[in-house]
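Undergrad: Here you go, my_file_26.cif (mmCIF, C-alpha atoms):
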data_query
#
loop_
_atom_site.label_atom_id
_atom_site.label_comp_id
_atom_site.auth_asym_id
_atom_site.auth_seq_id
_atom_site.Cartn_x
_atom_site.Cartn_y
_atom_site.Cartn_z
CA MET A 198 -66.15 -81.90 156.26
CA GLN A 199 -64.64 -84.91 157.99
CA THR A 200 -62.12 -83.84 160.59
CA SER A 201 -62.96 -86.35 163.31
CA ASP A 202 -59.75 -88.33 162.78
CA ILE A 203 -57.55 -85.46 163.93
CA VAL A 204 -57.69 -82.93 166.74
CA LEU A 205 -57.83 -79.39 165.38
CA ASP A 206 -56.34 -76.47 167.25
CA HIS A 207 -58.44 -73.36 167.79
CA ASP A 208 -57.50 -71.56 164.58
CA GLN A 209 -57.91 -74.72 162.51
CA GLN A 210 -61.36 -75.35 163.97
CA VAL A 211 -62.52 -71.82 163.18
CA ALA A 212 -61.29 -72.21 159.61
CA ALA A 213 -62.82 -75.69 159.28
CA ASP A 214 -66.21 -74.37 160.38
CA ARG A 215 -66.06 -71.54 157.85
CA LEU A 216 -65.05 -73.95 155.09
CA ALA A 217 -67.86 -76.35 156.00
CA ALA A 218 -70.37 -73.50 155.64
CA ILE A 219 -68.98 -72.71 152.19
CA ALA A 220 -69.04 -76.39 151.14
CA ALA A 221 -72.74 -76.59 151.96
CA ARG A 222 -73.54 -73.69 149.63
CA VAL A 223 -71.24 -74.10 146.61
CA GLY A 224 -73.34 -74.44 143.49
CA LYS A 225 -76.47 -72.95 145.03
CA ARG A 226 -78.24 -70.65 142.59
CA TRP A 227 -79.00 -68.00 145.18
CA HIS A 228 -76.79 -66.54 147.88
CA ARG A 229 -73.54 -67.93 146.61
CA PRO A 230 -71.00 -68.15 149.44
CA ARG A 231 -68.29 -65.58 149.95
CA GLY A 232 -64.78 -66.84 149.46
CA LEU A 233 -62.18 -67.40 152.15
CA TYR A 234 -58.54 -66.31 152.54
CA LEU A 235 -56.64 -68.50 155.01
CA TYR A 236 -53.22 -67.25 156.06
CA GLY A 237 -50.59 -68.28 158.57
CA GLY A 238 -47.08 -69.60 159.02
CA PRO A 239 -45.78 -72.78 157.39
CA GLY A 240 -47.00 -76.11 158.73
CA ARG A 241 -50.12 -74.75 160.43
CA GLY A 242 -52.52 -77.03 158.53
CA LYS A 243 -53.82 -74.68 155.85
CA THR A 244 -53.30 -77.09 152.97
CA MET A 245 -54.76 -79.97 154.97
CA LEU A 246 -57.90 -77.93 155.66
CA MET A 247 -58.20 -76.89 152.02
CA ASN A 248 -57.79 -80.45 150.77
CA ARG A 249 -60.45 -81.78 153.11
CA PHE A 250 -62.76 -78.96 152.15
CA PHE A 251 -62.23 -79.51 148.43
CA GLU A 252 -62.93 -83.23 148.71
CA SER A 253 -66.11 -82.53 150.68
CA VAL A 254 -67.69 -80.27 148.05
CA PRO A 255 -70.21 -82.44 146.12
CA SER A 256 -69.69 -80.81 142.74
CA GLU A 257 -67.77 -81.46 139.54
CA HIS A 258 -67.54 -77.72 138.91
CA LYS A 259 -64.50 -77.18 141.09
CA ARG A 260 -60.77 -76.77 140.52
CA ARG A 261 -57.81 -76.90 142.91
CA TYR A 262 -54.37 -75.57 141.98
CA HIS A 263 -51.03 -74.97 143.58
CA PHE A 264 -50.51 -71.33 142.65
CA HIS A 265 -47.13 -72.03 141.03
CA SER A 266 -48.72 -74.59 138.73
CA PHE A 267 -51.71 -72.40 137.88
CA PHE A 268 -49.54 -69.42 137.07
CA ALA A 269 -47.33 -71.52 134.80
CA GLN A 270 -50.41 -72.74 132.92
CA LEU A 271 -51.85 -69.24 132.80
CA ASN A 272 -48.68 -67.83 131.23
CA ALA A 273 -48.53 -70.70 128.73
CA GLY A 274 -52.12 -69.97 127.76
CA ILE A 275 -51.38 -66.27 127.29
CA HIS A 276 -48.74 -67.21 124.72
CA GLU A 277 -51.16 -69.63 123.05
CA TYR A 278 -54.34 -67.51 123.05
CA GLY A 279 -52.82 -64.04 122.99
CA ASN A 280 -54.39 -62.59 126.16
CA ILE A 281 -55.03 -63.37 129.81
CA ASP A 282 -58.83 -63.40 129.49
CA ALA A 283 -58.82 -66.28 126.99
CA SER A 284 -56.13 -68.15 128.93
CA ALA A 285 -58.02 -67.84 132.22
CA ALA A 286 -61.30 -68.87 130.58
CA ALA A 287 -59.66 -72.05 129.25
CA LEU A 288 -58.31 -72.91 132.72
CA LEU A 289 -61.43 -72.02 134.69
CA GLY A 290 -63.96 -73.70 132.39
CA ASP A 291 -67.31 -73.95 134.14
CA ALA A 292 -65.85 -73.86 137.64
CA GLN A 293 -67.99 -72.55 140.47
CA LEU A 294 -65.24 -73.05 143.05
CA ILE A 295 -61.52 -72.30 142.67
CA CYS A 296 -58.95 -73.21 145.34
CA PHE A 297 -55.44 -71.75 145.25
CA ASP A 298 -52.80 -73.19 147.58
CA GLU A 299 -49.70 -71.11 148.48
CA PHE A 300 -51.05 -67.85 147.03
CA HIS A 301 -48.42 -65.12 146.94
CA VAL A 302 -47.32 -62.12 144.87
CA HIS A 303 -43.73 -60.88 144.72
CA ASP A 304 -43.06 -59.79 141.14
CA ALA A 305 -44.46 -56.54 139.72
CA GLY A 306 -45.24 -58.16 136.38
CA ASP A 307 -47.03 -61.06 138.08
CA ALA A 308 -48.96 -58.57 140.22
CA ARG A 309 -50.64 -57.13 137.12
CA LEU A 310 -51.69 -60.60 135.97
CA VAL A 311 -52.95 -61.49 139.44
CA ALA A 312 -55.01 -58.30 139.56
CA ARG A 313 -56.62 -59.09 136.19
CA LEU A 314 -57.19 -62.74 137.16
CA LEU A 315 -58.97 -61.79 140.38
CA ASP A 316 -61.13 -59.29 138.51
CA LEU A 317 -62.21 -62.10 136.17
CA LEU A 318 -62.96 -64.48 139.04
CA PHE A 319 -64.97 -61.93 140.99
CA ALA A 320 -66.87 -60.78 137.89
CA ARG A 321 -67.96 -64.39 137.25
CA HIS A 322 -69.01 -64.80 140.91
CA ILE A 323 -66.75 -67.82 141.30
CA THR A 324 -66.21 -68.78 144.93
CA LEU A 325 -62.51 -68.45 145.69
CA VAL A 326 -60.65 -70.11 148.58
CA VAL A 327 -56.93 -69.48 149.00
CA THR A 328 -54.16 -70.34 151.44
CA SER A 329 -51.16 -68.09 151.92
CA ASN A 330 -48.28 -67.45 154.27
CA TYR A 331 -49.13 -63.75 154.04
CA PRO A 332 -52.12 -61.76 155.24
CA PRO A 333 -53.55 -59.76 152.32
CA GLN A 334 -51.95 -56.52 153.52
CA GLU A 335 -48.48 -58.09 153.24
CA LEU A 336 -48.81 -59.34 149.67
CA MET A 337 -46.34 -57.76 147.23
CA PRO A 338 -44.03 -56.90 150.14
CA ASN A 339 -41.46 -54.96 148.11
CA PRO A 340 -42.00 -51.35 149.26
CA LEU A 341 -41.26 -50.07 145.74
CA TRP A 342 -44.18 -51.98 144.25
CA HIS A 343 -46.56 -52.51 147.16
CA PRO A 344 -48.57 -49.28 146.62
CA MET A 345 -49.54 -50.31 143.08
CA PHE A 346 -50.97 -53.58 144.47
CA VAL A 347 -53.01 -51.97 147.25
CA PRO A 348 -56.19 -51.66 145.09
CA THR A 349 -56.01 -55.41 144.44
CA ILE A 350 -55.55 -56.08 148.16
CA ASP A 351 -58.68 -54.00 148.77
CA ARG A 352 -60.55 -56.15 146.23
CA ILE A 353 -59.41 -59.32 147.99
CA VAL A 354 -60.65 -58.07 151.35
CA GLU A 355 -63.90 -56.92 149.73
CA HIS A 356 -64.69 -60.36 148.28
CA LEU A 357 -63.04 -62.80 150.69
CA ASP A 358 -63.32 -63.34 154.42
CA VAL A 359 -59.84 -63.33 155.95
CA VAL A 360 -59.11 -65.96 158.62
CA SER A 361 -55.83 -66.58 160.44
CA VAL A 362 -54.61 -70.17 160.74
CA ASN A 363 -51.53 -69.50 162.78
CA GLY A 364 -51.46 -71.80 165.79
CA PRO A 365 -48.30 -72.31 167.85
CA GLN A 366 -47.29 -75.67 166.37
CA ASP A 367 -45.54 -76.36 163.06
CA TYR A 368 -47.15 -79.76 162.44
CA ARG A 369 -44.65 -80.73 159.79
CA GLN A 370 -42.07 -81.13 162.52
CA LEU A 371 -44.26 -83.77 164.21
CA GLY A 372 -44.72 -85.97 161.16
CA ASP A 373 -43.29 -89.46 160.66
CA ARG A 374 -43.81 -89.73 156.90
CA HIS A 375 -41.22 -91.71 154.98
CA THR A 376 -42.63 -91.57 151.47
CA GLY A 377 -42.62 -88.96 148.73
CA PHE A 378 -40.92 -85.70 149.63
CA ALA A 379 -40.19 -86.82 153.19
CA ALA A 380 -38.35 -89.93 151.97
CA GLY A 381 -35.34 -87.73 151.26
CA TYR A 382 -32.45 -86.76 153.52
CA TYR A 383 -30.83 -83.57 154.74
CA THR A 384 -27.13 -84.35 155.01
CA VAL A 385 -24.32 -82.05 156.07
CA GLY A 386 -21.45 -83.08 153.85
CA ALA A 387 -20.35 -83.76 150.31
CA CYS A 388 -22.43 -85.44 147.64
CA ALA A 389 -20.87 -88.75 146.58
CA THR A 390 -22.21 -88.72 143.02
CA VAL A 391 -19.70 -87.50 140.45
CA GLY A 392 -20.12 -87.01 136.74
CA SER A 393 -21.27 -84.53 134.15
CA VAL A 394 -24.36 -84.53 131.95
CA ARG A 395 -26.22 -81.75 130.15
CA VAL A 396 -29.96 -81.51 130.76
CA PRO A 397 -32.12 -79.23 128.59
CA VAL A 398 -34.23 -76.72 130.53
CA ALA A 399 -35.68 -73.33 129.56
CA HIS A 400 -33.90 -73.16 126.18
CA ARG A 401 -30.54 -73.80 127.82
CA LEU A 402 -28.47 -76.75 129.02
CA LEU A 403 -28.25 -77.45 132.73
CA ASN A 404 -24.96 -78.92 134.00
CA ALA A 405 -25.95 -81.84 136.23
CA ARG A 406 -23.94 -84.57 137.94
CA ALA A 407 -26.35 -87.31 136.85
CA ALA A 408 -29.71 -87.57 135.10
CA GLU A 409 -31.04 -91.04 134.42
CA ASN A 410 -33.87 -93.40 135.36
CA GLY A 411 -36.01 -90.51 136.58
CA GLU A 412 -33.34 -89.26 139.00
CA LEU A 413 -31.57 -85.88 138.84
CA THR A 414 -28.45 -84.99 140.81
CA VAL A 415 -27.29 -81.40 140.46
CA ASP A 416 -25.31 -78.75 142.34
CA PHE A 417 -27.21 -75.87 143.92
CA ALA A 418 -25.24 -73.24 141.97
CA GLU A 419 -25.89 -74.98 138.64
CA LEU A 420 -29.66 -75.12 139.20
CA CYS A 421 -30.49 -72.07 141.32
CA GLY A 422 -27.78 -69.82 139.91
CA ILE A 423 -29.31 -69.65 136.44
CA PRO A 424 -32.48 -67.75 135.42
CA VAL A 425 -35.04 -70.55 135.62
CA SER A 426 -38.62 -70.13 136.78
CA ALA A 427 -41.10 -72.17 138.78
CA ALA A 428 -42.59 -73.26 135.44
CA ASP A 429 -39.19 -74.66 134.47
CA PHE A 430 -39.03 -76.59 137.75
CA LEU A 431 -42.51 -77.95 137.04
CA GLU A 432 -41.31 -79.21 133.66
CA LEU A 433 -38.24 -80.86 135.22
CA ALA A 434 -40.45 -82.42 137.91
CA ARG A 435 -42.45 -84.16 135.19
CA ARG A 436 -39.23 -85.76 133.96
CA PHE A 437 -37.43 -86.52 137.22
CA HIS A 438 -39.10 -88.09 140.27
CA ARG A 439 -36.13 -88.27 142.64
CA TRP A 440 -33.93 -85.23 143.22
CA THR A 441 -30.57 -84.74 144.88
CA LEU A 442 -29.30 -81.20 145.38
CA CYS A 443 -25.58 -80.94 146.19
CA GLU A 444 -23.32 -78.24 147.62
CA VAL A 445 -26.15 -76.20 149.18
CA PRO A 446 -24.55 -73.20 150.92
CA PRO A 447 -25.91 -70.97 153.70
CA MET A 448 -28.57 -68.79 152.13
CA ASP A 449 -26.96 -65.57 153.36
CA SER A 450 -23.94 -66.30 151.14
CA VAL A 451 -25.81 -66.24 147.80
CA PRO A 452 -27.93 -63.60 146.00
CA PRO A 453 -31.62 -63.34 146.94
CA ASP A 454 -32.75 -64.51 143.49
CA TRP A 455 -30.82 -67.77 144.03
CA VAL A 456 -32.60 -68.20 147.37
CA MET A 457 -35.97 -67.57 145.74
CA ARG A 458 -35.26 -70.28 143.17
CA LEU A 459 -34.61 -72.74 146.01
CA VAL A 460 -37.92 -71.68 147.54
CA ASN A 461 -39.69 -72.28 144.22
CA LEU A 462 -37.98 -75.64 143.71
CA VAL A 463 -38.94 -76.93 147.15
CA ASP A 464 -42.52 -75.69 146.64
CA VAL A 465 -42.80 -77.60 143.36
CA LEU A 466 -41.29 -80.83 144.68
CA TYR A 467 -43.25 -80.68 147.93
CA ASP A 468 -46.56 -80.14 146.14
CA ALA A 469 -45.81 -83.02 143.75
CA ASP A 470 -44.62 -85.17 146.71
CA LEU A 471 -41.34 -86.00 144.94
CA GLU A 472 -38.36 -87.20 146.93
CA LEU A 473 -35.68 -84.58 147.61
CA SER A 474 -32.31 -85.07 149.29
CA LEU A 475 -29.97 -82.19 150.11
CA TYR A 476 -26.25 -82.22 150.75
CA ALA A 477 -25.58 -78.95 152.56
CA ARG A 478 -22.57 -77.19 153.99
CA VAL A 479 -24.32 -76.32 157.26
CA PRO A 480 -27.08 -77.85 159.44
CA LEU A 481 -30.66 -76.90 158.60
CA ALA A 482 -30.83 -74.59 161.65
CA GLU A 483 -28.06 -72.48 160.08
CA LEU A 484 -29.24 -72.60 156.47
CA GLY A 485 -31.43 -69.48 156.69
CA ALA A 486 -29.50 -67.31 159.12
CA GLN A 487 -30.66 -64.05 157.48
CA ILE A 488 -34.13 -65.21 156.62
CA GLU A 489 -35.53 -61.69 156.33
CA ARG A 490 -33.80 -61.32 152.93
CA VAL A 491 -36.37 -63.72 151.38
CA PRO A 492 -39.37 -64.09 153.71
CA ASP A 493 -40.68 -67.19 151.88
CA LEU A 494 -37.60 -69.07 153.08
CA TYR A 495 -39.55 -69.68 156.31
CA ARG A 496 -41.82 -72.03 154.36
CA THR A 497 -38.87 -73.78 152.73
CA LEU A 498 -37.10 -74.43 156.03
CA SER A 499 -40.31 -75.81 157.49
CA ARG A 500 -40.69 -78.20 154.59
CA LEU A 501 -37.05 -79.27 154.68
CA SER A 502 -37.51 -80.13 158.35
CA GLU A 503 -39.52 -83.16 157.18
CA LEU A 504 -36.39 -84.69 155.65
CA ALA A 505 -34.57 -87.29 157.69
CA THR A 506 -31.12 -86.49 159.08
CA PRO A 507 -28.73 -89.45 158.82
CA VAL A 508 -27.17 -90.56 162.08
CA PRO A 509 -23.38 -90.11 161.89
CA THR A 510 -21.44 -93.35 161.88
CA PRO A 511 -19.00 -93.77 164.78
#
Go ahead and express the file in the form of structure tokens.
TA:
Amino acid sequence: MQTSDIVLDHDQQVAADRLAAIAARVGKRWHRPRGLYLYGGPGRGKTMLMNRFFESVPSEHKRRYHFHSFFAQLNAGIHEYGNIDASAAALLGDAQLICFDEFHVHDAGDARLVARLLDLLFARHITLVVTSNYPPQELMPNPLWHPMFVPTIDRIVEHLDVVSVNGPQDYRQLGDRHTGFAAGYYTVGACATVGSVRVPVAHRLLNARAAENGELTVDFAELCGIPVSAADFLELARRFHRWTLCEVPPMDSVPPDWVMRLVNLVDVLYDADLELSLYARVPLAELGAQIERVPDLYRTLSRLSELATPVPTP
């Protein structure tokens, strides 16, 4: 795995060495490599390491998914084929290596599907590599539902080596990218665009300010205040390549499910590298004042830190 162009911190180097050992053995008939579970805070280089690893594996029998995207396709396949086994088989094909980026479990219904999916992967002896913000023991963090997921956590630890990638630096805050997602702005103030247009999404009509030429401008409450899923955001992302989100309030002033939709939206746009600009009521440092309400908001704030902040005019 080529990492000579960057200097890895200690945790990244340990993970890179483990990934290189796996890359050398994927596809071998005997002694197939154990999988790897990389976890750590946002911006610690997990996705970078996975991408480099995936590119280094000399095989066509490999698949890489953002977990949001995979789960959306898995659910669509369940509706099409009638069961998770057939849906997973269609997605996995002849893969010998599966990589999941941003692996997480929060919903009890999703937890059952994840448990069945992992059983299928392990039964087929597919090498699995995942990145997550959570160590396995903290998956499904809701205390009401966590005990039912413990057997699946035990299966993860049984089949995957767990490695922390949690160095002291959030590397996203050091970047100077000005394309894709990072081409957007984080502005404290009002959104100048005015207007009204209805955009179909999830069997309903979304009230947006503007939607034309691949650009969508919409208020936070109109988009995150309605019951839309990550799959719905994925569908919108295929139609709109530049996004502007207006009237974004402090996250402690809205219900947790609204916050989680913002988390999902930023995940989808970040993974697709689509430009996002936010017009917020408070600076980014104040956006997630009570971050413990939705732990994944840590990742969102890290990603939003890549957006430029306009310099106020005198």
Undergrad: I'd like to know which of A:Arg478, A:Lys225, A:His207, A:Arg313 is closest to Val385 (chain A), using all atoms listed in the file.
TA: A:Arg478
Undergrad: Set up a box along x, y and z of the file covering all listed atoms of region 329-340 of chain A, add 5 Å on every one of the six sides, and write the centre and edge lengths in Å to one decimal, as JSON.
TA:
{"center_x": -47.5, "center_y": -59.7, "center_z": 151.2, "size_x": 22.1, "size_y": 26.7, "size_z": 18.0}
Undergrad: Any chance you could work out the residue set of the PyMOL selection byres ((chain A and resi 256-260) around 9) here, as JSON, numbers by chain?
TA: {"A": [223, 224, 251, 253, 254, 255, 261, 262, 289, 290, 291, 292, 293, 294, 295, 296, 297]}
Undergrad: Those selected residues, please, written with C-alpha atoms and delivered as an mmCIF file, keeping the file's coordinate frame.
TA:
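Wrote it out as part-v1.cif, contents follow:
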data_model
loop_
_atom_site.group_PDB
_atom_site.id
_atom_site.type_symbol
_atom_site.label_atom_id
_atom_site.label_comp_id
_atom_site.auth_asym_id
_atom_site.auth_seq_id
_atom_site.Cartn_x
_atom_site.Cartn_y
_atom_site.Cartn_z
ATOM 1 C CA VAL A 223 -71.240 -74.100 146.610
ATOM 2 C CA GLY A 224 -73.340 -74.440 143.490
ATOM 3 C CA PHE A 251 -62.230 -79.510 148.430
ATOM 4 C CA SER A 253 -66.110 -82.530 150.680
ATOM 5 C CA VAL A 254 -67.690 -80.270 148.050
ATOM 6 C CA PRO A 255 -70.210 -82.440 146.120
ATOM 7 C CA ARG A 261 -57.810 -76.900 142.910
ATOM 8 C CA TYR A 262 -54.370 -75.570 141.980
ATOM 9 C CA LEU A 289 -61.430 -72.020 134.690
ATOM 10 C CA GLY A 290 -63.960 -73.700 132.390
ATOM 11 C CA ASP A 291 -67.310 -73.950 134.140
ATOM 12 C CA ALA A 292 -65.850 -73.860 137.640
ATOM 13 C CA GLN A 293 -67.990 -72.550 140.470
ATOM 14 C CA LEU A 294 -65.240 -73.050 143.050
ATOM 15 C CA ILE A 295 -61.520 -72.300 142.670
ATOM 16 C CA CYS A 296 -58.950 -73.210 145.340
ATOM 17 C CA PHE A 297 -55.440 -71.750 145.250
#
Undergrad: Report as a count of residues only all protein, DNA and RNA residues lying within 12 Å of region 395-408 of chain A, evaluated on only C-alpha atoms, omitting residues in the same chain fewer than 3 positions from it.
TA: 38
Undergrad: Evaluating the PyMOL selection byres ((chain A and resi 233-242) around 7) on the displayed file yields which residues, as JSON, numbers by chain?
TA: {"A": [231, 232, 243, 244, 245, 246, 325, 326, 327, 328, 329, 330, 331, 332, 357, 358, 359, 360, 361, 362, 363, 364, 366, 367, 368, 369, 496, 499]}
Undergrad: Please indicate the distance in Å from CA of Pro492 (chain A) to CA of Phe250 (chain A), rounded to one decimal place.
TA: 27.8 Å
Undergrad: Residues within 12 Å of Thr384 (chain A), please, as a compact mmCIF listing (two decimals) with C-alpha atoms, keeping the file's coordinate frame. Count only C-alpha atoms; anything in the same chain fewer than 5 positions from it doesn't count.
TA:
# COMPACT_ATOMS: atom_id res chain seq x y z
CA ALA A 389 -20.87 -88.75 146.58
CA THR A 441 -30.57 -84.74 144.88
CA LEU A 442 -29.30 -81.20 145.38
CA CYS A 443 -25.58 -80.94 146.19
CA GLU A 444 -23.32 -78.24 147.62
CA VAL A 445 -26.15 -76.20 149.18
CA LEU A 473 -35.68 -84.58 147.61
CA SER A 474 -32.31 -85.07 149.29
CA LEU A 475 -29.97 -82.19 150.11
CA TYR A 476 -26.25 -82.22 150.75
CA ALA A 477 -25.58 -78.95 152.56
CA ARG A 478 -22.57 -77.19 153.99
CA VAL A 479 -24.32 -76.32 157.26
CA PRO A 480 -27.08 -77.85 159.44
CA LEU A 481 -30.66 -76.90 158.60
CA LEU A 501 -37.05 -79.27 154.68
CA SER A 502 -37.51 -80.13 158.35
CA LEU A 504 -36.39 -84.69 155.65
CA ALA A 505 -34.57 -87.29 157.69
CA THR A 506 -31.12 -86.49 159.08
CA PRO A 507 -28.73 -89.45 158.82
CA VAL A 508 -27.17 -90.56 162.08
CA PRO A 509 -23.38 -90.11 161.89
Undergrad: Which residue out of A:Ala308, A:Leu205, A:Val456, A:Leu317 has the minimum interatomic distance to Ser284 (chain A) when only C-alpha atoms are used?
TA: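 Distance minimum relative to Ser284 (chain A) lands on A:Leu317.
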Undergrad: From the list A:Asp208, A:Glu472, A:Glu299, A:Glu483, which residue is nearest Val460 (chain A) when using all atoms listed in the file?
TA: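 Distance minimum relative to Val460 (chain A) lands on A:Glu299.
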Undergrad: Using only C-alpha atoms, determine which residues lie at most 9 Å from region 285-288 of chain A, disregarding the query and same-chain residues fewer than 6 positions distant; provide the list as a list in words.
TA: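 Non-adjacent residues within range: Phe267, Gln270, Leu271, Gly274, Ile275, Leu314 and Leu317 of chain A.
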Undergrad: Just to confirm, what's the straight-line distance from CA of Met337 (chain A) to CA of Ala486 (chain A) in Å (one decimal)?
TA: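 So the two atoms, CA of Met337 (chain A) and CA of Ala486 (chain A), lie 22.7 Å apart.
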Undergrad: So, counting all atoms listed in the file, which residue among A:Val302, A:Val491, A:Gln209, A:Asp351 is closest to Trp455 (chain A)?
TA: A:Val491
Undergrad: Suppose you want the space between CA of Ser266 (chain A) and CA of His343 (chain A); what is it in Å?
TA: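 Value for the CA of Ser266 (chain A)-CA of His343 (chain A) distance: 23.7 Å.
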Undergrad: With distances taken over all atoms listed in the file, which residue among A:Pro338, A:Pro348, A:Pro365, A:Tyr467 lies nearest His263 (chain A)?
TA: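 Once distances to His263 (chain A) are computed over all atoms listed in the file, the minimum belongs to A:Tyr467.
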Undergrad: Quick one: apply the PyMOL selection byres ((chain A and resi 345) around 12) to the file and drop the selected residues here as a list of chain:residue names.
TA: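 That expression, the PyMOL selection byres ((chain A and resi 345) around 12), corresponds here to A:Asp304, A:Ala305, A:Gly306, A:Ala308, A:Arg309, A:Ala312, A:Leu336, A:Met337, A:Pro338, A:Asn339, A:Pro340, A:Leu341, A:Trp342, A:His343, A:Pro344, A:Phe346, A:Val347, A:Pro348, A:Thr349, A:Ile350, A:Asp351.
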